[in-house]
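> Let me give you the structure first, and then I'll get to my questions.
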Amino acid sequence: MIELTKFNDQKIVLNCDLIEIIEETPDTVVTLINGKKLIVKEDKLEIIDKTIEYRNKAFANPIRPLVEN
């Protein structure tokens with residue numbers, strides 16, 4: 001999950017796995033896999049950096065299984 005800012009300054013948290021396309025038109029438009037579009041203040045490189053940071057944190061300490069063989 002990454003935090004983004006809508007143009008009305010509302011902070012939102014987005015599941016970055018749902019991002020299909022990021023465009024700068026010149027506003028940053030994030031298109032989700034369901035077709036919904038979000039216009040945010042962050043530029044595409046910020047969104048990419050936030051996604052990479054999230055994934056690095058998420059996969060740095062994998063969850064150990066409850067039952068070990």
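All residue names refer to the structure tokens as shown: chains lettered A, B, ... in order, residues numbered from 1 in each chain, ligands numbered from 1 in order.
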For range 21-33 of chain A, work out the shell of residues within 12 Å, counting only C-alpha atoms and skipping chain neighbours fewer than 3 positions away, then give it as a list of chain:residue names.
A:Leu4, A:Thr5, A:Lys6, A:Phe7, A:Leu14, A:Asn15, A:Cys16, A:Asp17, A:Leu18, A:Lys36, A:Lys37, A:Leu38, A:Ile39, A:Val40, A:Lys41, A:Glu42, A:Asp43, A:Lys44, A:Leu45, A:Glu46, A:Ile47, A:Ile48
> Pick out the residues sitting within 8 Å of range 53-62 of chain A, and hand them over as a PyMOL selection string; count only C-alpha atoms, and ignore anything fewer than 4 positions along from it in its own chain.
chain A and resi 1-2+49
> Please identify the alpha helix (DSSP H) residues within chain A (assignment by DSSP from backbone atoms) and present them as number ranges by chain.
A: 44-60
> Just list as a PDB file with N, CA and C atoms, in the first residue's frame whatever in chain A DSSP marks as strand (DSSP E or B).

ATOM      1  N   ILE A   2       0.522   2.203  -0.825  1.00  0.00           N
ATOM      2  CA  ILE A   2       1.274   3.450  -0.896  1.00  0.00           C
ATOM      3  C   ILE A   2       0.328   4.625  -0.659  1.00  0.00           C
ATOM      4  N   GLU A   3       0.861   5.683  -0.063  1.00  0.00           N
ATOM      5  CA  GLU A   3       0.052   6.871   0.194  1.00  0.00           C
ATOM      6  C   GLU A   3       0.240   7.869  -0.937  1.00  0.00           C
ATOM      7  N   LEU A   4      -0.870   8.347  -1.476  1.00  0.00           N
ATOM      8  CA  LEU A   4      -0.858   9.353  -2.533  1.00  0.00           C
ATOM      9  C   LEU A   4      -1.754  10.509  -2.118  1.00  0.00           C
ATOM     10  N   THR A   5      -1.629  11.643  -2.813  1.00  0.00           N
ATOM     11  CA  THR A   5      -2.399  12.833  -2.494  1.00  0.00           C
ATOM     12  C   THR A   5      -3.244  13.235  -3.687  1.00  0.00           C
ATOM     13  N   LYS A   6      -4.565  13.284  -3.484  1.00  0.00           N
ATOM     14  CA  LYS A   6      -5.453  13.761  -4.533  1.00  0.00           C
ATOM     15  C   LYS A   6      -5.331  15.282  -4.633  1.00  0.00           C
ATOM     16  N   LYS A  11      -5.499  12.687   1.432  1.00  0.00           N
ATOM     17  CA  LYS A  11      -4.538  11.583   1.391  1.00  0.00           C
ATOM     18  C   LYS A  11      -5.312  10.285   1.190  1.00  0.00           C
ATOM     19  N   ILE A  12      -4.810   9.449   0.291  1.00  0.00           N
ATOM     20  CA  ILE A  12      -5.416   8.141   0.075  1.00  0.00           C
ATOM     21  C   ILE A  12      -4.327   7.085   0.161  1.00  0.00           C
ATOM     22  N   VAL A  13      -4.716   5.869   0.464  1.00  0.00           N
ATOM     23  CA  VAL A  13      -3.785   4.752   0.478  1.00  0.00           C
ATOM     24  C   VAL A  13      -4.242   3.795  -0.612  1.00  0.00           C
ATOM     25  N   LEU A  14      -3.339   3.504  -1.530  1.00  0.00           N
ATOM     26  CA  LEU A  14      -3.667   2.718  -2.710  1.00  0.00           C
ATOM     27  C   LEU A  14      -2.914   1.401  -2.699  1.00  0.00           C
ATOM     28  N   ILE A  19      -2.380  -0.921  -9.831  1.00  0.00           N
ATOM     29  CA  ILE A  19      -1.979   0.065 -10.840  1.00  0.00           C
ATOM     30  C   ILE A  19      -1.715  -0.635 -12.166  1.00  0.00           C
ATOM     31  N   GLU A  20      -2.359  -0.114 -13.212  1.00  0.00           N
ATOM     32  CA  GLU A  20      -2.104  -0.620 -14.563  1.00  0.00           C
ATOM     33  C   GLU A  20      -1.217   0.344 -15.345  1.00  0.00           C
ATOM     34  N   ILE A  21      -1.554   1.647 -15.301  1.00  0.00           N
ATOM     35  CA  ILE A  21      -0.833   2.653 -16.082  1.00  0.00           C
ATOM     36  C   ILE A  21      -0.682   3.919 -15.243  1.00  0.00           C
ATOM     37  N   ILE A  22       0.476   4.580 -15.388  1.00  0.00           N
ATOM     38  CA  ILE A  22       0.688   5.912 -14.814  1.00  0.00           C
ATOM     39  C   ILE A  22       1.038   6.834 -15.975  1.00  0.00           C
ATOM     40  N   GLU A  23       0.263   7.920 -16.115  1.00  0.00           N
ATOM     41  CA  GLU A  23       0.487   8.876 -17.198  1.00  0.00           C
ATOM     42  C   GLU A  23       0.669  10.271 -16.616  1.00  0.00           C
ATOM     43  N   GLU A  24       1.445  11.091 -17.299  1.00  0.00           N
ATOM     44  CA  GLU A  24       1.550  12.508 -16.948  1.00  0.00           C
ATOM     45  C   GLU A  24       1.024  13.297 -18.141  1.00  0.00           C
ATOM     46  N   THR A  28      -0.732  13.912 -13.119  1.00  0.00           N
ATOM     47  CA  THR A  28      -0.463  12.486 -13.019  1.00  0.00           C
ATOM     48  C   THR A  28      -1.787  11.743 -12.901  1.00  0.00           C
ATOM     49  N   VAL A  29      -2.041  10.867 -13.858  1.00  0.00           N
ATOM     50  CA  VAL A  29      -3.260  10.061 -13.893  1.00  0.00           C
ATOM     51  C   VAL A  29      -2.860   8.610 -13.684  1.00  0.00           C
ATOM     52  N   VAL A  30      -3.406   8.000 -12.627  1.00  0.00           N
ATOM     53  CA  VAL A  30      -3.149   6.605 -12.330  1.00  0.00           C
ATOM     54  C   VAL A  30      -4.394   5.822 -12.748  1.00  0.00           C
ATOM     55  N   THR A  31      -4.216   4.903 -13.687  1.00  0.00           N
ATOM     56  CA  THR A  31      -5.323   4.050 -14.121  1.00  0.00           C
ATOM     57  C   THR A  31      -5.162   2.700 -13.444  1.00  0.00           C
ATOM     58  N   LEU A  32      -6.238   2.263 -12.802  1.00  0.00           N
ATOM     59  CA  LEU A  32      -6.224   0.985 -12.102  1.00  0.00           C
ATOM     60  C   LEU A  32      -6.683  -0.137 -13.031  1.00  0.00           C
ATOM     61  N   LYS A  37      -9.800   5.795 -12.721  1.00  0.00           N
ATOM     62  CA  LYS A  37      -8.673   6.716 -12.865  1.00  0.00           C
ATOM     63  C   LYS A  37      -8.600   7.627 -11.652  1.00  0.00           C
ATOM     64  N   LEU A  38      -7.392   7.858 -11.182  1.00  0.00           N
ATOM     65  CA  LEU A  38      -7.140   8.761 -10.069  1.00  0.00           C
ATOM     66  C   LEU A  38      -6.171   9.836 -10.536  1.00  0.00           C
ATOM     67  N   ILE A  39      -6.458  11.094 -10.214  1.00  0.00           N
ATOM     68  CA  ILE A  39      -5.537  12.184 -10.503  1.00  0.00           C
ATOM     69  C   ILE A  39      -4.878  12.558  -9.188  1.00  0.00           C
ATOM     70  N   VAL A  40      -3.552  12.483  -9.157  1.00  0.00           N
ATOM     71  CA  VAL A  40      -2.813  12.702  -7.918  1.00  0.00           C
ATOM     72  C   VAL A  40      -1.724  13.748  -8.119  1.00  0.00           C
TER      73      VAL A  40
END
